[in-house]
Each structure stands twice: as C-alpha cells, then as structure tokens.
Amino acid sequence: SEEALLQSEKLSVIGQLAAGVAYEIRNPLTTLKGFIQLQQRGIIISDPNLSLMLAELDRINLIVSEFLVLAKPQATDFRMVNIQAILAEIDVLLQPQAIMQNIQISIAPPVAIPSVYGESNQLKQVFINILKNAMEAMPCGGNVCIELRADSSCLLIRFSDQGCGIPQESITQLGDPFFTNKENGTGLGLMVSKQIIANHKGSITFDSTLGEGTTVDIRLPIIQLPSN
Ligand code: ADP
Ligand code: MG
C-alpha cells in the first residue's frame, strides 16, 4: 500500500541518518564520560565543567529530539487541519524569543483559508523550524512575514525574513542532514521539515538574497470535496 511504501522510505532515510546521529552525539558523550570518570577518581567537577556537561547534555537532547520527529507515527494521525490556527499557536509560542530579539512576526491575510489534510503536530514542527531559522538569521531584529494564499488545488504558506540570506551555492544543500552554518546548529531542522512536507505530498522551496533575506514557500495540496 501507499502507506507501507511511505513507511519503508522513511525507514531507509532513518537508516542512513542513524550513522550521522551516532557520530554527532558521540563527542558530547565522550566529554560527559570523561568528567564522570574524573569524579569517580575523587576529582571534584568544577562549576564551569558542570555547566559544560549540562550544555553537552542539552546538545544530545536537541539532536535526538529533532531526529525523533521522523520516527513518530505519521500517516495515522492525518485529519483536516486549520493552518491559520496552527500558525497562531506558534506565534504565541515564539513571542517571548521574538520580543527579546526585536523581531516582529506578522501573519496575513486574516481571511479564512481552506483546511488541508495533515498531521497538525508535524506541520507545527515544520513551521517552528522555519520560523526559528528566520529568527536566527536576524540577530539584530527585523520582520518575519507569513503570507497565506490558496488556489483551487494548493495552499501556499510563505515565510519571508529580512535576515542574512543564504549563498546561492548553499541553496541545494538545504535539508541535507547536518548541513549547518551555525556554531550550535544541528542541521536537522530542514531535513526533518522536508521529510514531513513530502509525507504531506507538498513541496518546500527556498529563495534567498545574501544580505537581504530569505523566502521559504511551502505548498500543501487542498483536497476538493465533492460539491453535492
Ligand atoms: P540549523 O538551523 O540547525 O543550522 P537547519 O536545517 O534548520 O539547521 O538549517 C540549515 C542551514 O540553512 C542553517 O544553518 C542556515 O545556514 C541555513 N538557513 C536556513 N534557513 C535560513 C534563513 N531563513 N536565513 C538564512 N539561512 C538559513
Ligand atoms: Mg534550524
């Protein structure tokens, strides 16, 4: 069945990634082990080293939690979802961070948009990943604009930021596992997002100008119900 096919595709992606994840978490684990061994030999771990251990644990936690999104059952929880409601929830969630960074998030237009068939938690995860990237690209503040547009077959969700932009040669690498330019990035956010959008039979595309900003377009199919 189609679901079985999706499932096997997903498993193969996860298989390829497992090696990468193992590699990424081995360093922090080695650090943690070293400190615990020192403690065992009676060497007291200093406060800065305890903070370092916590940071390493946070990093492992982040990598594993981004990765786990793929392993959760997906095809089972599909239902009609209201994208505007999901975006409003995320807006509330990201407000504290946005305010601290002097970032304004605007969602337009306020008119009703057709529902799409999807898994709301997974779509929420995608929108959070995209918005976090937008915010991280604007360390000195700016605007992120979310626009919604629907035609008879598809819903467009467009995220535009005024951030640092992405070099043209990197655009094709977006969504490759562990591709990141950030010191503390995992390079898993877009990979997971691409996978989720593919499971929704949608598309995700990037358009960017260095120093000006980035536009991420997500298209999701709209199911036409029979009119009688
Ligand atoms: P991470 O955020 O952990 O680095 P992602 O998969 O979310 O991993 O993003 C991968 C890379 O794509 C980022 O490190 C960044 O270089 C680039 N990127 C993604 N979105 C944007 C954006 N809106 N503006 C600038 N660069 C971006
Ligand atoms: Mg990210």
# chains A, B, ... in the order shown; residues from 1 in each chain; ligands from 1
>>> select_by_dssp(residues="region 26-199 of chain A", states="alpha helix (DSSP H)", output="JSON, numbers by chain")
{"A": [26, 27, 28, 29, 30, 31, 32, 33, 34, 35, 36, 37, 38, 39, 40, 47, 48, 49, 50, 51, 52, 53, 54, 55, 56, 57, 58, 59, 60, 61, 62, 63, 64, 65, 66, 67, 68, 69, 70, 71, 83, 84, 85, 86, 87, 88, 89, 90, 91, 92, 93, 94, 95, 96, 97, 98, 99, 100, 120, 121, 122, 123, 124, 125, 126, 127, 128, 129, 130, 131, 132, 133, 134, 135, 136, 189, 190, 191, 192, 193, 194, 195, 196, 197, 198, 199]}
>>> closest_atom_pairs(of="chain A", to="ligand 2", cutoff="6 Å", atoms="only C-alpha atoms and all ligand atoms", output="tab-separated table")
residue	atom	partner	partner_atom_place_in_ligand_line	distance
A:Asn129	CA	ligand 2	1 (Mg)	5.4
A:Asn133	CA	ligand 2	1 (Mg)	4.8
A:Gly189	CA	ligand 2	1 (Mg)	4.6
>>> closest_residue(among="A:Ile218, A:Leu68, A:Val92, A:Ile63", to="ligand 1", atoms="only C-alpha atoms and all ligand atoms")
A:Ile63
>>> closest_residue(among="A:Asp77, A:Arg59, A:Ser152, A:Ala88", to="ligand 1", atoms="only C-alpha atoms and all ligand atoms")
A:Arg59
>>> select_by_dssp(residues="region 186-222 of chain A", states="strand (DSSP E)", output="list in words")
Ser203, Ile204, Thr205, Phe206, Asp207, Ser208, Thr209, Gly213, Thr214, Thr215, Val216, Asp217, Ile218, Arg219, Leu220 and Pro221 of chain A
>>> closest_atom_pairs(of="chain A", to="ligand 1", cutoff="10 Å", atoms="only C-alpha atoms and all ligand atoms", output="tab-separated table")
residue	atom	partner	partner_atom_place_in_ligand_line	distance
A:Leu62	CA	ligand 1	3 (O)	9.6
A:Ile63	CA	ligand 1	3 (O)	9.1
A:Glu66	CA	ligand 1	3 (O)	9.4
A:Val126	CA	ligand 1	7 (O)	9.6
A:Ile128	CA	ligand 1	7 (O)	9.7
A:Asn129	CA	ligand 1	7 (O)	6.0
A:Ile130	CA	ligand 1	20 (N)	6.5
A:Leu131	CA	ligand 1	23 (N)	7.5
A:Lys132	CA	ligand 1	2 (O)	7.4
A:Asn133	CA	ligand 1	20 (N)	4.5
A:Ala134	CA	ligand 1	23 (N)	3.8
A:Met135	CA	ligand 1	23 (N)	7.3
A:Glu136	CA	ligand 1	24 (N)	7.3
A:Ala137	CA	ligand 1	24 (N)	4.7
A:Met138	CA	ligand 1	24 (N)	7.9
A:Val144	CA	ligand 1	23 (N)	9.4
A:Phe159	CA	ligand 1	23 (N)	8.4
A:Ser160	CA	ligand 1	23 (N)	7.7
A:Asp161	CA	ligand 1	23 (N)	6.3
A:Gln162	CA	ligand 1	24 (N)	8.2
A:Gly163	CA	ligand 1	24 (N)	5.6
A:Cys164	CA	ligand 1	25 (C)	5.5
A:Gly165	CA	ligand 1	25 (C)	4.4
A:Ile166	CA	ligand 1	26 (N)	4.9
A:Pro167	CA	ligand 1	26 (N)	8.5
A:Ser170	CA	ligand 1	12 (O)	7.9
A:Ile171	CA	ligand 1	12 (O)	8.0
A:Gln173	CA	ligand 1	12 (O)	8.0
A:Leu174	CA	ligand 1	12 (O)	5.4
A:Gly175	CA	ligand 1	6 (O)	5.5
A:Asp176	CA	ligand 1	6 (O)	7.4
A:Pro177	CA	ligand 1	6 (O)	7.3
A:Phe178	CA	ligand 1	8 (O)	7.0
A:Phe179	CA	ligand 1	10 (C)	5.5
A:Thr180	CA	ligand 1	14 (O)	3.4
A:Asn181	CA	ligand 1	14 (O)	4.0
A:Lys182	CA	ligand 1	14 (O)	4.9
A:Glu183	CA	ligand 1	4 (O)	8.1
A:Asn184	CA	ligand 1	3 (O)	7.0
A:Gly185	CA	ligand 1	3 (O)	3.4
A:Thr186	CA	ligand 1	3 (O)	3.8
A:Gly187	CA	ligand 1	8 (O)	3.3
A:Leu188	CA	ligand 1	6 (O)	4.5
A:Gly189	CA	ligand 1	7 (O)	3.8
A:Leu190	CA	ligand 1	6 (O)	3.6
A:Met191	CA	ligand 1	6 (O)	5.8
A:Val192	CA	ligand 1	6 (O)	7.8
A:Ser193	CA	ligand 1	6 (O)	8.2
A:Lys194	CA	ligand 1	6 (O)	9.4
A:Phe206	CA	ligand 1	20 (N)	8.5
A:Asp207	CA	ligand 1	23 (N)	9.4
A:Ser208	CA	ligand 1	24 (N)	7.7
A:Thr209	CA	ligand 1	25 (C)	9.3
A:Leu210	CA	ligand 1	25 (C)	8.4
A:Gly211	CA	ligand 1	25 (C)	9.2
A:Glu212	CA	ligand 1	24 (N)	9.5
A:Gly213	CA	ligand 1	24 (N)	6.5
A:Thr214	CA	ligand 1	23 (N)	5.1
A:Thr215	CA	ligand 1	23 (N)	7.1
A:Val216	CA	ligand 1	23 (N)	7.4
>>> residues_around(residues="Gln104 (chain A)", least_positions_apart="5", cutoff="8 Å", atoms="only C-alpha atoms", output="list in words")
Ala98, Ile99, Gly141, Gly142, Asn143 and Val144 of chain A
>>> closest_atom_pairs(of="region 42-79 of chain A", to="region 25-37 of chain A", cutoff="10 Å", atoms="only C-alpha atoms", output="CSV")
residue,atom,partner,partner_atom,distance
A:Gly42,CA,A:Gln37,CA,8.9
A:Ile43,CA,A:Gln37,CA,8.8
A:Ile44,CA,A:Phe35,CA,9.2
A:Ile45,CA,A:Phe35,CA,7.0
A:Ser46,CA,A:Phe35,CA,9.9
A:Asn49,CA,A:Phe35,CA,8.0
A:Leu50,CA,A:Phe35,CA,8.7
A:Leu52,CA,A:Leu32,CA,8.8
A:Met53,CA,A:Leu32,CA,5.9
A:Leu54,CA,A:Leu32,CA,8.9
A:Ala55,CA,A:Pro28,CA,8.8
A:Glu56,CA,A:Pro28,CA,5.1
A:Leu57,CA,A:Pro28,CA,7.2
A:Asp58,CA,A:Pro28,CA,9.5
A:Arg59,CA,A:Pro28,CA,7.6
A:Ile60,CA,A:Ile25,CA,5.7
A:Asn61,CA,A:Ile25,CA,9.2
A:Ile63,CA,A:Ile25,CA,7.6
A:Val64,CA,A:Ile25,CA,8.6
